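The file coords06.txt comes next; it holds compact mmCIF, C-alpha atoms and all ligand atoms.
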# COMPACT_ATOMS: atom_id res chain seq x y z
CA MET N 1 0.00 0.00 0.00
CA ALA N 2 2.51 2.55 -1.10
CA GLY N 3 1.71 6.16 -1.71
CA ARG N 4 1.11 8.87 0.81
CA LEU N 5 -2.49 9.86 1.42
CA ARG N 6 -3.11 13.35 0.06
CA THR N 7 -4.57 15.55 2.78
CA ILE N 8 -6.36 18.88 2.98
CA GLU N 9 -2.99 20.70 2.98
CA ASP N 10 -2.33 19.34 -0.52
CA LEU N 11 -5.31 21.24 -1.89
CA GLY N 12 -3.62 24.61 -1.30
CA GLY N 13 -5.44 27.74 -0.15
CA LEU N 14 -9.15 27.13 0.36
CA ASP N 15 -10.42 30.68 0.78
CA GLY N 16 -13.30 31.34 -1.60
CA ARG N 17 -13.23 27.83 -3.06
CA ARG N 18 -16.06 25.32 -3.31
CA LEU N 19 -15.39 21.81 -2.04
CA PHE N 20 -17.35 18.63 -2.56
CA VAL N 21 -17.05 16.70 0.70
CA ARG N 22 -18.09 13.03 0.62
CA VAL N 23 -19.26 12.05 4.07
CA ASP N 24 -20.74 8.84 5.42
CA LEU N 25 -23.89 9.99 7.19
CA ASN N 26 -25.50 6.58 6.81
CA VAL N 27 -26.93 6.69 10.33
CA PRO N 28 -29.71 4.61 11.87
CA LEU N 29 -33.09 6.38 11.83
CA GLU N 30 -35.93 5.70 14.26
CA ASP N 31 -39.36 7.27 13.75
CA GLY N 32 -37.88 9.68 11.24
CA SER N 33 -35.03 11.00 13.34
CA VAL N 34 -31.39 10.13 13.87
CA ALA N 35 -30.96 7.35 16.45
CA ASP N 36 -27.15 7.38 16.66
CA ASP N 37 -25.10 10.41 15.70
CA LEU N 38 -21.54 9.05 15.90
CA ARG N 39 -21.04 9.38 12.16
CA ILE N 40 -22.24 13.00 12.25
CA THR N 41 -20.00 14.11 15.11
CA ALA N 42 -17.11 12.26 13.48
CA VAL N 43 -17.10 14.49 10.37
CA LEU N 44 -17.60 17.80 12.16
CA PRO N 45 -13.88 18.53 12.59
CA THR N 46 -13.34 18.34 8.83
CA ILE N 47 -16.39 20.46 8.01
CA ASP N 48 -15.44 23.06 10.65
CA GLU N 49 -11.88 23.24 9.38
CA LEU N 50 -12.94 23.71 5.76
CA ARG N 51 -15.52 26.34 6.64
CA GLY N 52 -12.98 28.08 8.83
CA SER N 53 -10.58 28.27 5.87
CA GLY N 54 -13.17 30.18 3.88
CA ALA N 55 -14.43 27.34 1.70
CA ALA N 56 -18.04 26.65 0.78
CA VAL N 57 -18.94 23.03 1.39
CA VAL N 58 -21.16 20.75 -0.71
CA LEU N 59 -21.89 17.59 1.28
CA GLY N 60 -22.78 14.29 -0.36
CA SER N 61 -23.76 11.12 1.51
CA HIS N 62 -25.71 7.94 1.04
CA LEU N 63 -28.32 6.60 3.45
CA GLY N 64 -29.52 3.02 3.45
CA ARG N 65 -30.02 1.04 0.28
CA PRO N 66 -32.53 2.79 -1.99
CA LYS N 67 -31.00 1.01 -5.01
CA GLY N 68 -31.11 3.85 -7.53
CA THR N 69 -34.63 5.17 -6.91
CA VAL N 70 -36.18 7.79 -4.66
CA VAL N 71 -37.31 6.25 -1.37
CA GLU N 72 -39.13 8.88 0.70
CA ASP N 73 -38.06 7.38 4.06
CA LEU N 74 -34.41 7.59 3.03
CA ARG N 75 -34.25 11.31 2.33
CA LEU N 76 -31.43 13.05 4.18
CA ASP N 77 -33.57 15.79 5.78
CA PRO N 78 -33.44 14.37 9.34
CA VAL N 79 -29.67 14.05 8.99
CA ALA N 80 -29.37 17.68 7.83
CA VAL N 81 -31.42 18.77 10.85
CA ARG N 82 -29.17 16.89 13.28
CA LEU N 83 -26.04 18.16 11.54
CA GLU N 84 -27.29 21.72 12.03
CA GLU N 85 -27.89 21.10 15.73
CA LEU N 86 -24.57 19.42 16.37
CA GLY N 87 -22.48 21.64 14.11
CA ARG N 88 -24.14 24.95 15.06
CA PHE N 89 -24.15 26.12 11.46
CA SER N 90 -26.98 26.17 8.97
CA VAL N 91 -27.31 23.51 6.32
CA GLN N 92 -29.18 24.12 3.09
CA LYS N 93 -30.71 20.85 2.01
CA VAL N 94 -31.75 20.27 -1.61
CA ASP N 95 -34.14 17.50 -2.67
CA GLU N 96 -32.18 16.23 -5.67
CA VAL N 97 -28.72 14.72 -6.15
CA VAL N 98 -27.93 16.66 -9.33
CA GLY N 99 -29.81 18.96 -11.72
CA ASP N 100 -30.20 22.63 -12.54
CA ALA N 101 -31.58 23.61 -9.14
CA VAL N 102 -28.67 21.91 -7.38
CA THR N 103 -26.10 23.50 -9.70
CA LYS N 104 -27.59 26.94 -9.12
CA THR N 105 -27.72 26.57 -5.33
CA ALA N 106 -24.14 25.30 -5.24
CA ALA N 107 -22.92 28.18 -7.42
CA GLU N 108 -24.49 30.72 -5.06
CA LEU N 109 -22.89 29.37 -1.89
CA ALA N 110 -20.89 31.96 0.04
CA PRO N 111 -17.65 31.09 1.89
CA GLY N 112 -18.42 29.05 5.00
CA GLU N 113 -21.88 27.98 3.81
CA VAL N 114 -22.93 24.34 3.72
CA LEU N 115 -25.15 22.61 1.20
CA MET N 116 -26.35 19.02 1.52
CA LEU N 117 -27.33 17.05 -1.56
CA GLU N 118 -30.05 14.42 -1.50
CA ASN N 119 -29.17 10.75 -0.82
CA LEU N 120 -26.58 9.93 -3.49
CA ARG N 121 -27.90 6.38 -3.89
CA PHE N 122 -31.22 7.74 -5.23
CA ASP N 123 -29.22 8.08 -8.46
CA PRO N 124 -28.50 4.73 -10.14
CA GLY N 125 -25.15 6.15 -11.28
CA GLU N 126 -23.79 6.21 -7.74
CA GLU N 127 -23.45 2.47 -7.21
CA GLY N 128 -22.55 2.08 -10.90
CA ASN N 129 -19.47 4.34 -10.46
CA ASP N 130 -20.99 6.19 -13.35
CA GLY N 131 -19.04 8.77 -15.39
CA PRO N 132 -21.96 11.12 -16.14
CA LEU N 133 -23.02 11.32 -12.48
CA ALA N 134 -19.40 11.93 -11.45
CA ASP N 135 -19.15 14.68 -14.11
CA ALA N 136 -22.26 16.36 -12.76
CA LEU N 137 -21.01 16.20 -9.17
CA ALA N 138 -17.58 17.46 -10.23
CA GLY N 139 -19.33 20.50 -11.77
CA LEU N 140 -20.50 21.54 -8.30
CA ALA N 141 -17.02 22.13 -6.86
CA ASP N 142 -13.37 22.78 -7.66
CA ALA N 143 -11.87 20.21 -5.30
CA TYR N 144 -12.87 17.03 -3.50
CA VAL N 145 -12.43 15.85 0.07
CA ASN N 146 -13.36 12.33 1.11
CA ASP N 147 -14.20 11.86 4.78
CA ALA N 148 -16.42 8.81 4.22
CA PHE N 149 -14.21 6.00 5.46
CA GLY N 150 -17.30 3.81 5.95
CA ALA N 151 -17.91 3.92 2.18
CA ALA N 152 -14.27 3.61 1.09
CA HIS N 153 -14.58 -0.08 0.23
CA ARG N 154 -17.20 0.76 -2.40
CA ALA N 155 -16.15 1.74 -5.93
CA HIS N 156 -19.04 4.18 -6.25
CA ALA N 157 -19.28 7.39 -8.31
CA SER N 158 -18.90 9.80 -5.38
CA VAL N 159 -16.06 7.71 -3.91
CA VAL N 160 -13.89 6.87 -6.92
CA ALA N 161 -15.00 8.40 -10.26
CA LEU N 162 -15.49 11.83 -8.68
CA ALA N 163 -12.08 11.69 -6.98
CA GLU N 164 -10.53 11.10 -10.40
CA ARG N 165 -12.12 14.26 -11.76
CA LEU N 166 -11.07 16.85 -9.16
CA PRO N 167 -8.02 17.60 -7.02
CA ALA N 168 -8.73 15.08 -4.27
CA ALA N 169 -7.71 14.67 -0.64
CA ALA N 170 -8.60 12.76 2.50
CA GLY N 171 -10.54 14.54 5.24
CA ARG N 172 -9.44 14.37 8.88
CA LEU N 173 -11.63 11.39 9.76
CA MET N 174 -10.45 9.43 6.73
CA GLN N 175 -6.86 10.30 7.65
CA ARG N 176 -7.30 9.10 11.22
CA GLU N 177 -9.07 5.87 10.24
CA VAL N 178 -6.33 5.03 7.75
CA ASP N 179 -3.56 5.97 10.23
CA VAL N 180 -4.99 3.86 13.04
CA LEU N 181 -5.68 0.79 10.91
CA THR N 182 -2.30 1.10 9.18
CA ARG N 183 -0.72 1.08 12.63
CA LEU N 184 -2.46 -2.26 13.33
CA LEU N 185 -1.15 -3.64 10.04
CA GLY N 186 2.32 -2.22 10.52
CA GLU N 187 4.24 -2.88 13.68
CA PRO N 188 1.72 -2.91 16.50
CA GLU N 189 3.09 -3.12 19.98
CA LYS N 190 2.96 -6.70 21.29
CA PRO N 191 1.16 -8.59 22.67
CA PHE N 192 -1.50 -7.86 20.06
CA VAL N 193 -4.86 -9.42 20.95
CA ALA N 194 -7.80 -9.58 18.54
CA ILE N 195 -11.34 -10.18 19.75
CA LEU N 196 -13.80 -11.42 17.17
CA GLY N 197 -17.48 -11.98 17.68
CA GLY N 198 -20.77 -11.11 16.08
CA ALA N 199 -23.18 -12.99 13.96
CA LYS N 200 -21.47 -14.62 11.04
CA VAL N 201 -18.20 -16.53 10.73
CA SER N 202 -18.37 -16.19 6.98
CA ASP N 203 -18.02 -12.38 7.28
CA LYS N 204 -14.97 -12.65 9.51
CA LEU N 205 -12.83 -15.61 8.48
CA GLY N 206 -10.96 -13.40 6.02
CA VAL N 207 -9.96 -10.93 8.70
CA ILE N 208 -9.01 -13.70 11.17
CA ASP N 209 -6.73 -15.25 8.56
CA ALA N 210 -5.20 -11.86 7.76
CA LEU N 211 -4.63 -11.16 11.48
CA LEU N 212 -2.99 -14.51 12.26
CA PRO N 213 0.52 -13.48 11.21
CA ARG N 214 0.29 -10.31 13.33
CA VAL N 215 -1.45 -11.25 16.56
CA ASP N 216 -0.46 -13.17 19.68
CA ALA N 217 -3.96 -14.26 20.64
CA ILE N 218 -7.44 -14.34 19.14
CA LEU N 219 -10.44 -14.45 21.44
CA ILE N 220 -13.59 -15.72 19.77
CA GLY N 221 -17.10 -15.10 21.08
CA GLY N 222 -20.51 -14.28 19.66
CA ALA N 223 -22.43 -16.62 17.41
CA MET N 224 -19.31 -17.34 15.38
CA ALA N 225 -17.77 -19.22 18.32
CA PHE N 226 -20.29 -22.03 17.75
CA THR N 227 -19.02 -22.80 14.27
CA PHE N 228 -15.53 -23.21 15.76
CA LEU N 229 -16.85 -25.33 18.64
CA ALA N 230 -18.92 -27.48 16.27
CA ALA N 231 -15.85 -27.94 14.07
CA GLN N 232 -14.18 -29.54 17.11
CA GLY N 233 -17.14 -31.85 17.59
CA ALA N 234 -18.78 -30.03 20.50
CA ALA N 235 -22.52 -30.29 21.19
CA THR N 236 -23.86 -26.85 20.22
CA GLY N 237 -27.64 -27.39 20.64
CA GLU N 238 -29.63 -24.92 18.57
CA SER N 239 -26.82 -22.31 18.47
CA LEU N 240 -26.04 -20.65 15.16
CA VAL N 241 -23.57 -22.88 13.34
CA GLU N 242 -22.55 -22.21 9.75
CA THR N 243 -22.25 -25.78 8.57
CA GLY N 244 -20.77 -24.65 5.26
CA HIS N 245 -17.76 -23.18 7.09
CA LEU N 246 -16.76 -26.00 9.44
CA ASP N 247 -13.76 -26.93 7.31
CA ALA N 248 -12.66 -23.32 7.03
CA ALA N 249 -12.94 -22.92 10.81
CA ARG N 250 -10.85 -26.08 11.31
CA GLU N 251 -8.26 -24.76 8.84
CA THR N 252 -8.10 -21.43 10.71
CA MET N 253 -7.56 -23.25 14.04
CA ASN N 254 -4.77 -25.32 12.46
CA ALA N 255 -3.15 -22.21 11.00
CA ALA N 256 -3.28 -20.55 14.42
CA GLU N 257 -1.61 -23.54 16.00
CA ARG N 258 1.13 -23.64 13.35
CA ARG N 259 1.86 -19.99 14.01
CA GLY N 260 1.76 -20.31 17.76
CA VAL N 261 -1.21 -17.94 18.04
CA ARG N 262 -3.49 -18.67 21.00
CA LEU N 263 -7.01 -19.08 19.66
CA VAL N 264 -9.32 -19.02 22.67
CA LEU N 265 -12.92 -20.25 22.47
CA PRO N 266 -15.59 -19.79 25.16
CA GLU N 267 -15.52 -22.18 28.09
CA ASP N 268 -19.06 -21.42 29.23
CA VAL N 269 -22.06 -19.83 27.54
CA VAL N 270 -25.42 -18.38 28.47
CA VAL N 271 -28.18 -20.38 26.80
CA ALA N 272 -31.93 -19.96 26.32
CA GLU N 273 -34.63 -21.05 23.92
CA GLU N 274 -34.80 -17.60 22.33
CA PRO N 275 -33.07 -14.24 22.69
CA ALA N 276 -36.02 -12.69 24.56
CA ALA N 277 -35.98 -10.44 27.63
CA LEU N 278 -38.13 -12.65 29.87
CA VAL N 279 -36.90 -16.06 28.82
CA ARG N 280 -35.38 -18.62 31.25
CA VAL N 281 -31.58 -18.46 30.96
CA GLU N 282 -28.84 -20.70 32.31
CA THR N 283 -25.08 -20.90 32.02
CA VAL N 284 -23.65 -24.17 30.73
CA ARG N 285 -20.34 -25.53 29.48
CA ALA N 286 -19.78 -24.33 25.94
CA ARG N 287 -19.00 -27.84 24.68
CA SER N 288 -22.14 -29.47 25.99
CA ILE N 289 -25.13 -27.30 25.21
CA PRO N 290 -28.36 -29.21 25.86
CA PRO N 291 -30.53 -29.96 22.82
CA GLY N 292 -33.12 -27.29 22.04
CA LEU N 293 -31.13 -24.43 23.59
CA LYS N 294 -29.17 -21.65 21.89
CA GLY N 295 -25.90 -20.12 23.01
CA LEU N 296 -26.65 -16.40 23.17
CA ASP N 297 -23.76 -14.94 25.18
CA VAL N 298 -20.40 -15.95 26.60
CA GLY N 299 -20.46 -16.91 30.28
CA PRO N 300 -18.61 -15.43 33.30
CA ARG N 301 -15.69 -17.88 33.21
CA THR N 302 -15.08 -16.96 29.58
CA VAL N 303 -15.15 -13.27 30.47
CA GLU N 304 -12.59 -13.97 33.20
CA GLU N 305 -10.31 -15.88 30.85
CA PHE N 306 -10.58 -13.26 28.08
CA THR N 307 -9.95 -10.54 30.69
CA ARG N 308 -6.75 -12.32 31.78
CA VAL N 309 -5.47 -12.38 28.21
CA LEU N 310 -6.37 -8.72 27.70
CA ALA N 311 -4.63 -7.65 30.90
CA ASP N 312 -1.22 -8.15 29.23
CA ALA N 313 -2.14 -6.78 25.81
CA ARG N 314 -0.46 -3.68 24.37
CA THR N 315 -2.62 -3.56 21.22
CA VAL N 316 -6.26 -4.65 20.95
CA PHE N 317 -8.60 -4.87 17.99
CA TRP N 318 -12.22 -5.82 18.67
CA ASN N 319 -14.89 -6.60 16.12
CA GLY N 320 -18.25 -8.20 16.88
CA PRO N 321 -20.23 -8.38 20.12
CA MET N 322 -19.84 -11.39 22.43
CA GLY N 323 -23.58 -12.09 22.51
CA VAL N 324 -27.02 -10.75 21.67
CA PHE N 325 -26.18 -7.56 23.60
CA GLU N 326 -29.36 -5.86 22.37
CA VAL N 327 -31.36 -8.03 24.80
CA GLU N 328 -30.31 -7.44 28.42
CA PRO N 329 -29.98 -11.04 29.68
CA PHE N 330 -27.38 -11.57 26.93
CA ALA N 331 -25.44 -8.29 27.26
CA GLU N 332 -23.22 -9.28 30.20
CA GLY N 333 -20.47 -10.92 28.12
CA THR N 334 -20.11 -7.90 25.84
CA ARG N 335 -20.20 -5.61 28.90
CA GLY N 336 -17.48 -7.66 30.62
CA LEU N 337 -15.28 -7.59 27.54
CA ALA N 338 -15.85 -3.85 27.11
CA ARG N 339 -14.72 -3.39 30.71
CA ALA N 340 -11.59 -5.45 30.08
CA VAL N 341 -10.75 -3.60 26.88
CA ALA N 342 -11.32 -0.27 28.61
CA ALA N 343 -9.00 -1.30 31.44
CA ALA N 344 -6.24 -2.69 29.23
CA ASP N 345 -3.00 -0.70 29.15
CA ALA N 346 -3.06 -0.93 25.38
CA PHE N 347 -3.82 0.87 22.14
CA THR N 348 -7.45 -0.17 21.66
CA VAL N 349 -9.48 -0.09 18.45
CA VAL N 350 -13.08 -1.17 18.01
CA GLY N 351 -14.56 -1.60 14.54
CA GLY N 352 -17.93 -2.82 13.28
CA GLY N 353 -21.34 -1.17 13.35
CA ASP N 354 -22.84 -3.30 16.11
CA SER N 355 -19.65 -3.48 18.17
CA VAL N 356 -19.33 0.30 18.20
CA ALA N 357 -23.02 0.66 19.05
CA ALA N 358 -22.53 -1.81 21.92
CA ILE N 359 -19.53 0.08 23.32
CA ARG N 360 -21.47 3.33 23.21
CA ARG N 361 -24.65 1.85 24.66
CA LEU N 362 -22.72 0.22 27.52
CA GLY N 363 -20.94 3.49 28.33
CA PHE N 364 -17.32 2.69 27.42
CA GLU N 365 -16.92 5.10 24.51
CA GLY N 366 -14.43 7.33 26.29
CA ASP N 367 -12.18 4.43 27.30
CA VAL N 368 -11.30 3.20 23.81
CA ASP N 369 -8.60 4.85 21.69
CA HIS N 370 -10.43 4.58 18.40
CA LEU N 371 -13.99 3.69 17.43
CA SER N 372 -13.97 3.04 13.72
CA THR N 373 -16.88 4.49 11.77
CA GLY N 374 -16.33 1.90 9.06
CA GLY N 375 -17.72 -1.59 9.62
CA GLY N 376 -17.10 -3.48 6.40
CA ALA N 377 -14.45 -0.96 5.36
CA SER N 378 -12.33 -1.51 8.48
CA LEU N 379 -12.48 -5.30 8.09
CA GLU N 380 -11.49 -5.13 4.42
CA PHE N 381 -8.67 -2.74 5.28
CA LEU N 382 -7.36 -5.15 7.92
CA GLU N 383 -7.57 -7.96 5.40
CA GLY N 384 -4.84 -6.01 3.63
CA LYS N 385 -6.92 -4.67 0.75
CA ASP N 386 -6.22 -1.14 -0.46
CA LEU N 387 -9.78 0.15 -0.51
CA PRO N 388 -10.77 1.82 -3.81
CA GLY N 389 -11.84 5.02 -2.04
CA VAL N 390 -8.49 5.20 -0.23
CA ALA N 391 -6.28 4.18 -3.16
CA VAL N 392 -7.66 7.03 -5.26
CA LEU N 393 -6.53 9.54 -2.60
CA ARG N 394 -2.93 8.34 -2.62
CA GLU N 395 -0.23 10.41 -4.25
CA GLU N 396 0.18 8.41 -7.44
CA LYS N 397 -3.37 7.81 -8.57
P1 LIG N 401 -20.43 -5.83 13.76
O1 LIG N 401 -21.56 -5.01 13.19
O2 LIG N 401 -19.83 -5.20 14.97
O3 LIG N 401 -19.42 -6.21 12.73
P2 LIG N 401 -21.92 -8.26 13.44
O4 LIG N 401 -22.86 -7.54 12.53
O5 LIG N 401 -21.04 -9.28 12.88
O6 LIG N 401 -21.07 -7.21 14.30
O7 LIG N 401 -22.74 -9.00 14.58
C1 LIG N 401 -23.61 -8.34 15.45
C2 LIG N 401 -24.81 -9.18 15.80
O8 LIG N 401 -24.41 -10.46 16.26
C3 LIG N 401 -25.62 -8.57 16.90
O9 LIG N 401 -26.87 -8.17 16.37
C4 LIG N 401 -25.76 -9.67 17.93
O10 LIG N 401 -27.08 -9.79 18.45
C5 LIG N 401 -25.42 -10.90 17.12
N1 LIG N 401 -24.94 -12.01 17.97
C6 LIG N 401 -23.89 -12.01 18.81
N2 LIG N 401 -23.78 -13.18 19.45
C7 LIG N 401 -24.79 -13.95 19.02
C8 LIG N 401 -25.22 -15.29 19.32
N3 LIG N 401 -24.58 -16.05 20.19
N4 LIG N 401 -26.32 -15.76 18.64
C9 LIG N 401 -26.95 -14.99 17.76
N5 LIG N 401 -26.60 -13.73 17.43
C10 LIG N 401 -25.53 -13.22 18.06
MG MG N 402 -23.27 -5.59 12.00
Would you mind writing the file out in structure tokens?
Amino acid sequence: MAGRLRTIEDLGGLDGRRLFVRVDLNVPLEDGSVADDLRITAVLPTIDELRGSGAAVVLGSHLGRPKGTVVEDLRLDPVAVRLEELGRFSVQKVDEVVGDAVTKTAAELAPGEVLMLENLRFDPGEEGNDGPLADALAGLADAYVNDAFGAAHRAHASVVALAERLPAAAGRLMQREVDVLTRLLGEPEKPFVAILGGAKVSDKLGVIDALLPRVDAILIGGAMAFTFLAAQGAATGESLVETGHLDAARETMNAAERRGVRLVLPEDVVVAEEPAALVRVETVRARSIPPGLKGLDVGPRTVEEFTRVLADARTVFWNGPMGVFEVEPFAEGTRGLARAVAAADAFTVVGGGDSVAAIRRLGFEGDVDHLSTGGGASLEFLEGKDLPGVAVLREEK
């Protein structure tokens, strides 16, 4: 991954210029308003800096998956409202992605003013990395800043084709995300402990394999632990097991052993018939789950063991909750791990949409060095891929 990331400094003087700023304001909405504003607060430093330098800012983001058509519930208006509140500046919101009205409004922006385009994915050209859409967006500004790390693994028009059409640079959030994750790929301080959990093994085997040469230990929880346990012949009851990935899980465990990486699976788990608030729960040995019951969280002995490993760590990467943390009887494992990560005398990074939501919900946000705003993007980055939206911002494009 050679090539220095171009940054805002590389764009030269910004006074009186118009910048297209790609942001990832793909936030969860509930009843028509923003339910989690991490992605909004995360881009404020870049927007403030650009406005402060005398630039006018045209913001473009996607929201959800409208698949190239207008979906009323996925308009960006609630996001613009929250951005105004949090940023304490006014945001002019237009109802189209491109078109004469948009061009006119953009042309009339004064220094320091902020315009927000409509959901970029309403236009079929966005996901198609379409030239004509990129041309139209390029016509709105004289330079481009990408602060949308969460979208950097997508070769979409506002991420790649647009960056090829204007002087392009990384925003401050993009810079920090790339710096932090590059540090994990480079020479992280040892011991380096990775914690992997969440729903699907199939999403995460790639990153586990990529981490094996770098880490000292891998702690596995969440639903994905059951595919590993089942691969060793354990009785997993009704727990989620991806039967198509048993061989891959076995191969990963062998690779860990060959490399001398400790791969630690849960010793005990919290089981129930369903992940419901009022269901009967019990803690059982992870390798002998009674028939009919599902493993829905890691148990207290597992939390203790994982905590012991984390106590010595100097670098920690965590992706994927330890259990169904959304439902209180199954949140304790994730809470215990969050406590251990928070207490570790280590450089700590948490990535993944649900993992970051869990850390915030459980109140440990301030105790982690970096919460990545990119779920899929951070995993692909750690797999060693140069993301298309990052590659295009490097010096030799
Ligand atoms: P992230 O978004 O952080 O990458 P994932 O999307 O992979 O994480 O996984 C998060 C989901 O995994 C959560 O909704 C959580 O309820 C679920 N989950 C965790 N453990 C289990 C389990 N034992 N059984 C079923 N679902 C689980
Ligand atoms: Mg998720």
If we count all atoms listed in the file and set the cut-off at 8 Å, which residues sit around Glu126 (chain N), ignoring sequence neighbours fewer than 6 positions away in its own chain? Please answer as a PDB file with C-alpha atoms, in the coordinates of the input.
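Once everything was written out, this is around_0.pdb:
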ATOM      1  CA  GLY N  68     -31.110   3.850  -7.530  1.00  0.00           C
ATOM      2  CA  LEU N 120     -26.580   9.930  -3.490  1.00  0.00           C
ATOM      3  CA  LEU N 133     -23.020  11.320 -12.480  1.00  0.00           C
ATOM      4  CA  HIS N 156     -19.040   4.180  -6.250  1.00  0.00           C
ATOM      5  CA  ALA N 157     -19.280   7.390  -8.310  1.00  0.00           C
ATOM      6  CA  SER N 158     -18.900   9.800  -5.380  1.00  0.00           C
TER       7      SER N 158
END
Worksheet item: Do you know which residues are at most 12 Å from Ala152 (chain N) counting only C-alpha atoms, after dropping those on the same chain fewer than 5 positions away, and could you put them as a PyMOL selection string?
Response: chain N and resi 22-24+146-147+157-160+163+170+173-175+177-178+373-381+385-393
Fill in: Close residues to ligand MG 402 (chain N) using all atoms listed in the file, limit 8 Å, as a PyMOL selection string
chain N and resi 198-199+320+352-355+375
Listed atoms of region 6-14 of chain N boxed along x, y and z, 3 Å each side, centre and edge lengths in Å, one decimal, as AutoDock Vina command-line options:
--center_x -5.7 --center_y 20.5 --center_z 0.5 --size_x 12.8 --size_y 20.4 --size_z 10.9
Item to complete: Tell me which protein, DNA and RNA residues are within 9 Å of region 247-251 of chain N, counting only C-alpha atoms, leaving out same-chain ones fewer than 6 positions away, and put them as JSON, numbers by chain.
Response: {"N": [201, 205, 227, 228, 231, 232]}
Just-selected residues, C-alpha atoms written as an mmCIF file, keeping the file's coordinate frame:
data_model
loop_
_atom_site.group_PDB
_atom_site.id
_atom_site.type_symbol
_atom_site.label_atom_id
_atom_site.label_comp_id
_atom_site.auth_asym_id
_atom_site.auth_seq_id
_atom_site.Cartn_x
_atom_site.Cartn_y
_atom_site.Cartn_z
ATOM 1 C CA VAL N 201 -18.200 -16.530 10.730
ATOM 2 C CA LEU N 205 -12.830 -15.610 8.480
ATOM 3 C CA THR N 227 -19.020 -22.800 14.270
ATOM 4 C CA PHE N 228 -15.530 -23.210 15.760
ATOM 5 C CA ALA N 231 -15.850 -27.940 14.070
ATOM 6 C CA GLN N 232 -14.180 -29.540 17.110
#
Item to complete: Might you pull out every residue within 8 Å of Thr302 (chain N), with only C-alpha atoms counted and same-chain residues fewer than 3 positions away left off, and present them as a ChimeraX atom specification?
Response: /N:266-269,298-299,305-306
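The space between CA of Ala342 (chain N) and CA of Gly366 (chain N) spans 8.5 Å.
The space separating CA of Pro191 (chain N) from CA of Ala343 (chain N) comes to 15.3 Å.
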Generate the missing atoms of region 22-36 of chain N up to N, CA and C atoms and report them as a PDB file, in the frame of the given file.
ATOM      1  N   ARG N  22     -17.349  14.302   0.498  1.00  0.00           N
ATOM      2  CA  ARG N  22     -18.090  13.030   0.620  1.00  0.00           C
ATOM      3  C   ARG N  22     -18.036  12.619   2.078  1.00  0.00           C
ATOM      4  N   VAL N  23     -19.190  12.466   2.673  1.00  0.00           N
ATOM      5  CA  VAL N  23     -19.260  12.050   4.070  1.00  0.00           C
ATOM      6  C   VAL N  23     -20.089  10.769   4.134  1.00  0.00           C
ATOM      7  N   ASP N  24     -19.911  10.021   5.221  1.00  0.00           N
ATOM      8  CA  ASP N  24     -20.740   8.840   5.420  1.00  0.00           C
ATOM      9  C   ASP N  24     -21.699   9.148   6.564  1.00  0.00           C
ATOM     10  N   LEU N  25     -22.869   9.682   6.186  1.00  0.00           N
ATOM     11  CA  LEU N  25     -23.890   9.990   7.190  1.00  0.00           C
ATOM     12  C   LEU N  25     -24.992   8.938   7.119  1.00  0.00           C
ATOM     13  N   ASN N  26     -24.583   7.722   6.838  1.00  0.00           N
ATOM     14  CA  ASN N  26     -25.500   6.580   6.810  1.00  0.00           C
ATOM     15  C   ASN N  26     -25.749   6.159   8.253  1.00  0.00           C
ATOM     16  N   VAL N  27     -26.671   6.889   8.903  1.00  0.00           N
ATOM     17  CA  VAL N  27     -26.930   6.690  10.330  1.00  0.00           C
ATOM     18  C   VAL N  27     -28.250   5.950  10.515  1.00  0.00           C
ATOM     19  N   PRO N  28     -28.414   5.249  11.639  1.00  0.00           N
ATOM     20  CA  PRO N  28     -29.710   4.610  11.870  1.00  0.00           C
ATOM     21  C   PRO N  28     -30.783   5.646  12.179  1.00  0.00           C
ATOM     22  N   LEU N  29     -31.962   5.477  11.569  1.00  0.00           N
ATOM     23  CA  LEU N  29     -33.090   6.380  11.830  1.00  0.00           C
ATOM     24  C   LEU N  29     -34.152   5.603  12.613  1.00  0.00           C
ATOM     25  N   GLU N  30     -34.786   6.288  13.568  1.00  0.00           N
ATOM     26  CA  GLU N  30     -35.930   5.700  14.260  1.00  0.00           C
ATOM     27  C   GLU N  30     -37.033   6.732  14.298  1.00  0.00           C
ATOM     28  N   ASP N  31     -38.217   6.353  13.827  1.00  0.00           N
ATOM     29  CA  ASP N  31     -39.360   7.270  13.750  1.00  0.00           C
ATOM     30  C   ASP N  31     -38.956   8.583  13.088  1.00  0.00           C
ATOM     31  N   GLY N  32     -38.199   8.497  12.010  1.00  0.00           N
ATOM     32  CA  GLY N  32     -37.880   9.680  11.240  1.00  0.00           C
ATOM     33  C   GLY N  32     -36.835  10.595  11.830  1.00  0.00           C
ATOM     34  N   SER N  33     -36.162  10.169  12.924  1.00  0.00           N
ATOM     35  CA  SER N  33     -35.030  11.000  13.340  1.00  0.00           C
ATOM     36  C   SER N  33     -33.807  10.144  13.645  1.00  0.00           C
ATOM     37  N   VAL N  34     -32.672  10.820  13.766  1.00  0.00           N
ATOM     38  CA  VAL N  34     -31.390  10.130  13.870  1.00  0.00           C
ATOM     39  C   VAL N  34     -31.267   9.428  15.216  1.00  0.00           C
ATOM     40  N   ALA N  35     -31.015   8.118  15.209  1.00  0.00           N
ATOM     41  CA  ALA N  35     -30.960   7.350  16.450  1.00  0.00           C
ATOM     42  C   ALA N  35     -29.539   7.254  17.021  1.00  0.00           C
ATOM     43  N   ASP N  36     -28.538   7.449  16.183  1.00  0.00           N
ATOM     44  CA  ASP N  36     -27.150   7.380  16.660  1.00  0.00           C
ATOM     45  C   ASP N  36     -26.344   8.365  15.808  1.00  0.00           C
TER      46      ASP N  36
END
